[in-house]
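Only one structure is covered here, and it is reproduced in the block below.
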Amino acid sequence: MTQLLRDTDPKTAGIAAALIRRGELVALPTETVYGLGADGLNPDAVAKIFVAKGRPQDNPLILHISEPKELEKYCRDIPGSAWDLAEHFWPGPLTMVLPARDIVPRSTTAGLDSVAVRCPQTPVTREIIRLAGVPIAAPSANLSGKPSTTSAQHVLNDYGADGPLAAIVDAGPCRVGVESTIVSLLGERPRLLRPGGVGPEQLREVLGRLEVDQAVTGLLSDDAVVRAPGMKYKHYAPRAQVIVVEGPSETAAKYIRPRLDKNSAVLCFREELPLYGGCQTLAYGRESDPQTLSAGLFAALRELDRDDISTIYARCPTGGGVACAVRNRLLKAAGFRTVRAEETL
């Protein structure tokens, strides 16, 4: 039976840390999404993550540490740019990919000689890591391919009370709501592998030049070798086909409305709700405030993950910052299937 632990209970961190040390799976809250955590130095515990999620073995995991200084324990040849990023964004929603020390099992890195590391912001999770005395490997806690988990209830819905998780630590809804930004520092120039809570503009202020990986804007081939989670496969998707409709609000509505039937729905901005009166519509935030879109995206995709919905027409924001991350997640959910409404009318 899965234990449900509240972050406000002073015993929670100790209980969860003991479970991690025993090689168990524990769902942990972070500011980004809930993660499915295990001892990142224990290959047997790490293997449980892949089995529980149904996760492809070539999809690397992120190691979570309790303090920035712990980076040296698990990474080697750390450039000065990594410490600059840590000073600006840790604890927080940024992951760095660096050369791994031998202490990190290849099962955690998907066989690579590099490892993705981040220091999360959520106090209870950092305390669990500290008490466990090991870094915690933790991908998002959703079943592989499904919308990510941004609440303890989402985790429970995916795995059930009698599932493979020893415990779920409940700290309420996630503040950021999308996975961390991932930056590779392996090459001569930093490379953005996945947008997230730290925007490209913020990274460039610290790093100067920043290359953007192809995985941010398109699907990679099946045989591509990836350095970080979320780069290769279709992700974050409900059962329905998601179609991203681009263009001005009224133009998009003119394209979408004639195509709606009882088995289709619209995922839109709150400002656009009047354009879809009488339709099956769900707003996931305000276009004028991309942070609300980030926080509400996965909960909305989960709400629309129903047997009676076969098509979701989705609206996504433009621009930088967290809007870039929201766009990336919706495009991943759609398998990069998009329609430019103004070109079809």
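Identifiers in the structure tokens: chain A, B, ... in order shown; residue index from 1 per chain; ligand index from 1 in order shown.
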
message = With DSSP run on the backbone, what are the strand (DSSP E) residues within stretch 73-268 of chain A? I'd like them as an MDAnalysis selection string.
response = chainID A and resid 94:99 114:118 136:137 167:170 181:184 191:194 211:212 241:246 264:268

request  = Enumerate as a PyMOL selection string all residues of stretch 5-179 of chain A assigned to helix (DSSP H, G or I) by DSSP on the backbone, naming them with the chain letters and numbers the document uses.
outcome  = chain A and resi 12-21+43-53+68-74+80-89+123-132+152-159

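Proximity ranking of A:Ala341, A:Val212, A:Ile20, A:Val198 relative to A:Ser249 places A:Ala341 first, based on only C-alpha atoms.
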
task = Find the spatial neighbours of A:Glu70, counting only C-alpha atoms, within a cut-off of 12 Å - ignore same-chain residues fewer than 3 positions away - and output them as a list in words.
result = Leu63, His64, Ile65, Ser66, Glu67, Lys73, Tyr74, Cys75, Arg76, Ile78, Trp83, Ala86, Trp90, Val117, Arg118, Cys119, Arg126, Ile129, Arg130, Gly133, Val134 and Pro135 of chain A

What's around stretch 143-150 of chain A at 7 Å? Count only C-alpha atoms, leave out sequence neighbours fewer than 2 positions away in its own chain, and write the answer as a PDB file with C-alpha atoms, in the first residue's frame.
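Produced file out.pdb, reproduced below:
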```pdb
ATOM      1  CA  VAL A  33       6.467  18.577 -11.674  1.00  0.00           C
ATOM      2  CA  TYR A  34       6.224  15.588  -9.352  1.00  0.00           C
ATOM      3  CA  LYS A  53       6.895   4.164 -15.835  1.00  0.00           C
ATOM      4  CA  GLY A  54       7.239   1.935 -18.890  1.00  0.00           C
ATOM      5  CA  ARG A  55      10.138   4.230 -19.810  1.00  0.00           C
ATOM      6  CA  SER A 140       8.503  13.053 -14.047  1.00  0.00           C
ATOM      7  CA  ALA A 141       6.197  10.691 -12.176  1.00  0.00           C
ATOM      8  CA  HIS A 154      -2.162  12.901 -10.536  1.00  0.00           C
ATOM      9  CA  VAL A 155       0.498  10.448  -9.331  1.00  0.00           C
ATOM     10  CA  ASP A 158      -1.510   6.884 -12.597  1.00  0.00           C
ATOM     11  CA  PRO A 173       0.262  21.773  -6.856  1.00  0.00           C
ATOM     12  CA  CYS A 174       3.558  22.562  -8.583  1.00  0.00           C
ATOM     13  CA  GLY A 177       4.122  23.194 -13.813  1.00  0.00           C
ATOM     14  CA  LYS A 234       6.363  11.827 -28.154  1.00  0.00           C
ATOM     15  CA  HIS A 235       5.583  13.019 -24.649  1.00  0.00           C
ATOM     16  CA  TYR A 236       3.003  14.606 -22.402  1.00  0.00           C
ATOM     17  CA  ALA A 237       0.111  13.348 -24.540  1.00  0.00           C
ATOM     18  CA  PRO A 238      -3.468  12.379 -23.702  1.00  0.00           C
ATOM     19  CA  PHE A 298      -0.720  19.302 -17.637  1.00  0.00           C
ATOM     20  CA  ALA A 299      -3.752  19.379 -15.361  1.00  0.00           C
ATOM     21  CA  LEU A 301      -4.396  17.756 -20.634  1.00  0.00           C
ATOM     22  CA  ARG A 302      -5.227  15.207 -17.958  1.00  0.00           C
TER      23      ARG A 302
END
```

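Around stretch 8-17 of chain A, within 6 Å and counting only C-alpha atoms, the residues found are Leu5, Arg6, Leu19, Ile20, Ile128, Leu131 and Ala132 of chain A, once anything fewer than 2 positions away on its own chain is removed.
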
Since we have the selection now, will you write its residues out, keeping C-alpha atoms, as a PDB file, in the first residue's frame?
```pdb
ATOM      1  CA  LEU A   5       2.897  11.762   3.243  1.00  0.00           C
ATOM      2  CA  ARG A   6       2.277  15.488   3.704  1.00  0.00           C
ATOM      3  CA  LEU A  19      12.488   4.392   1.817  1.00  0.00           C
ATOM      4  CA  ILE A  20      14.917   5.809  -0.750  1.00  0.00           C
ATOM      5  CA  ILE A 128      14.796  14.128   1.722  1.00  0.00           C
ATOM      6  CA  LEU A 131      18.773  12.766   4.789  1.00  0.00           C
ATOM      7  CA  ALA A 132      19.003   9.949   2.236  1.00  0.00           C
TER       8      ALA A 132
END
```

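Using only C-alpha atoms, the nearest neighbour of A:Val183 within the list A:Ser151, A:Ser264, A:Met96, A:Thr32 is A:Met96.
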
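Using only C-alpha atoms for every distance, the candidate list A:Val104, A:Ile256, A:Ala52, A:Ala295 yields A:Ala295 as the residue closest to A:Gly196.
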
query = Taking into account only C-alpha atoms, which residue in the set A:Leu25, A:Val176, A:Ala283, A:Ala240 is nearest to A:Asp307?
reply = A:Ala240

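Taking atom CA of A:Ala161 and atom CA of A:Leu304 as the two end points, the separation is 22.7 Å.
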
key: Contacts of A:Arg286 within 7 Å, only C-alpha atoms, excl. fewer than 4 positions in-chain, as an MDAnalysis selection string   = chainID A and resid 269:271 290 292:293

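Straight-line separation from atom CA of A:Gly247 to atom CA of A:Glu342: 6.3 Å.
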
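One finds atom CA of A:Phe50 at 26.0 Å from atom CA of A:Arg175.
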
key: Distance query A:Val206 at most 10 Å, only C-alpha atoms, self and fewer than 2 positions along chain excluded, as JSON, numbers by chain   = {"A": [81, 84, 85, 87, 88, 201, 202, 203, 204, 208, 209, 210]}

Take the residues from that selection and put them in a file with C-alpha atoms, as a compact mmCIF listing (two decimals), in the first residue's frame.
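Generated file (part_20.txt):
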```txt
# COMPACT_ATOMS: atom_id res chain seq x y z
CA SER A 81 29.80 28.33 -16.80
CA ASP A 84 27.71 30.65 -13.01
CA LEU A 85 24.41 28.97 -13.85
CA GLU A 87 24.75 30.78 -8.76
CA HIS A 88 21.93 32.34 -10.76
CA GLU A 201 16.80 34.78 -22.61
CA GLN A 202 17.77 34.25 -18.96
CA LEU A 203 20.35 31.65 -19.97
CA ARG A 204 21.88 33.94 -22.57
CA GLY A 208 26.26 34.66 -23.78
CA ARG A 209 25.78 32.37 -26.78
CA LEU A 210 23.33 29.48 -26.56
```

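Candidate residues A:Pro120, A:Gly37, A:Pro99, A:Gly111 were compared for distance to A:Pro60, and the nearest is A:Gly111, using only C-alpha atoms.
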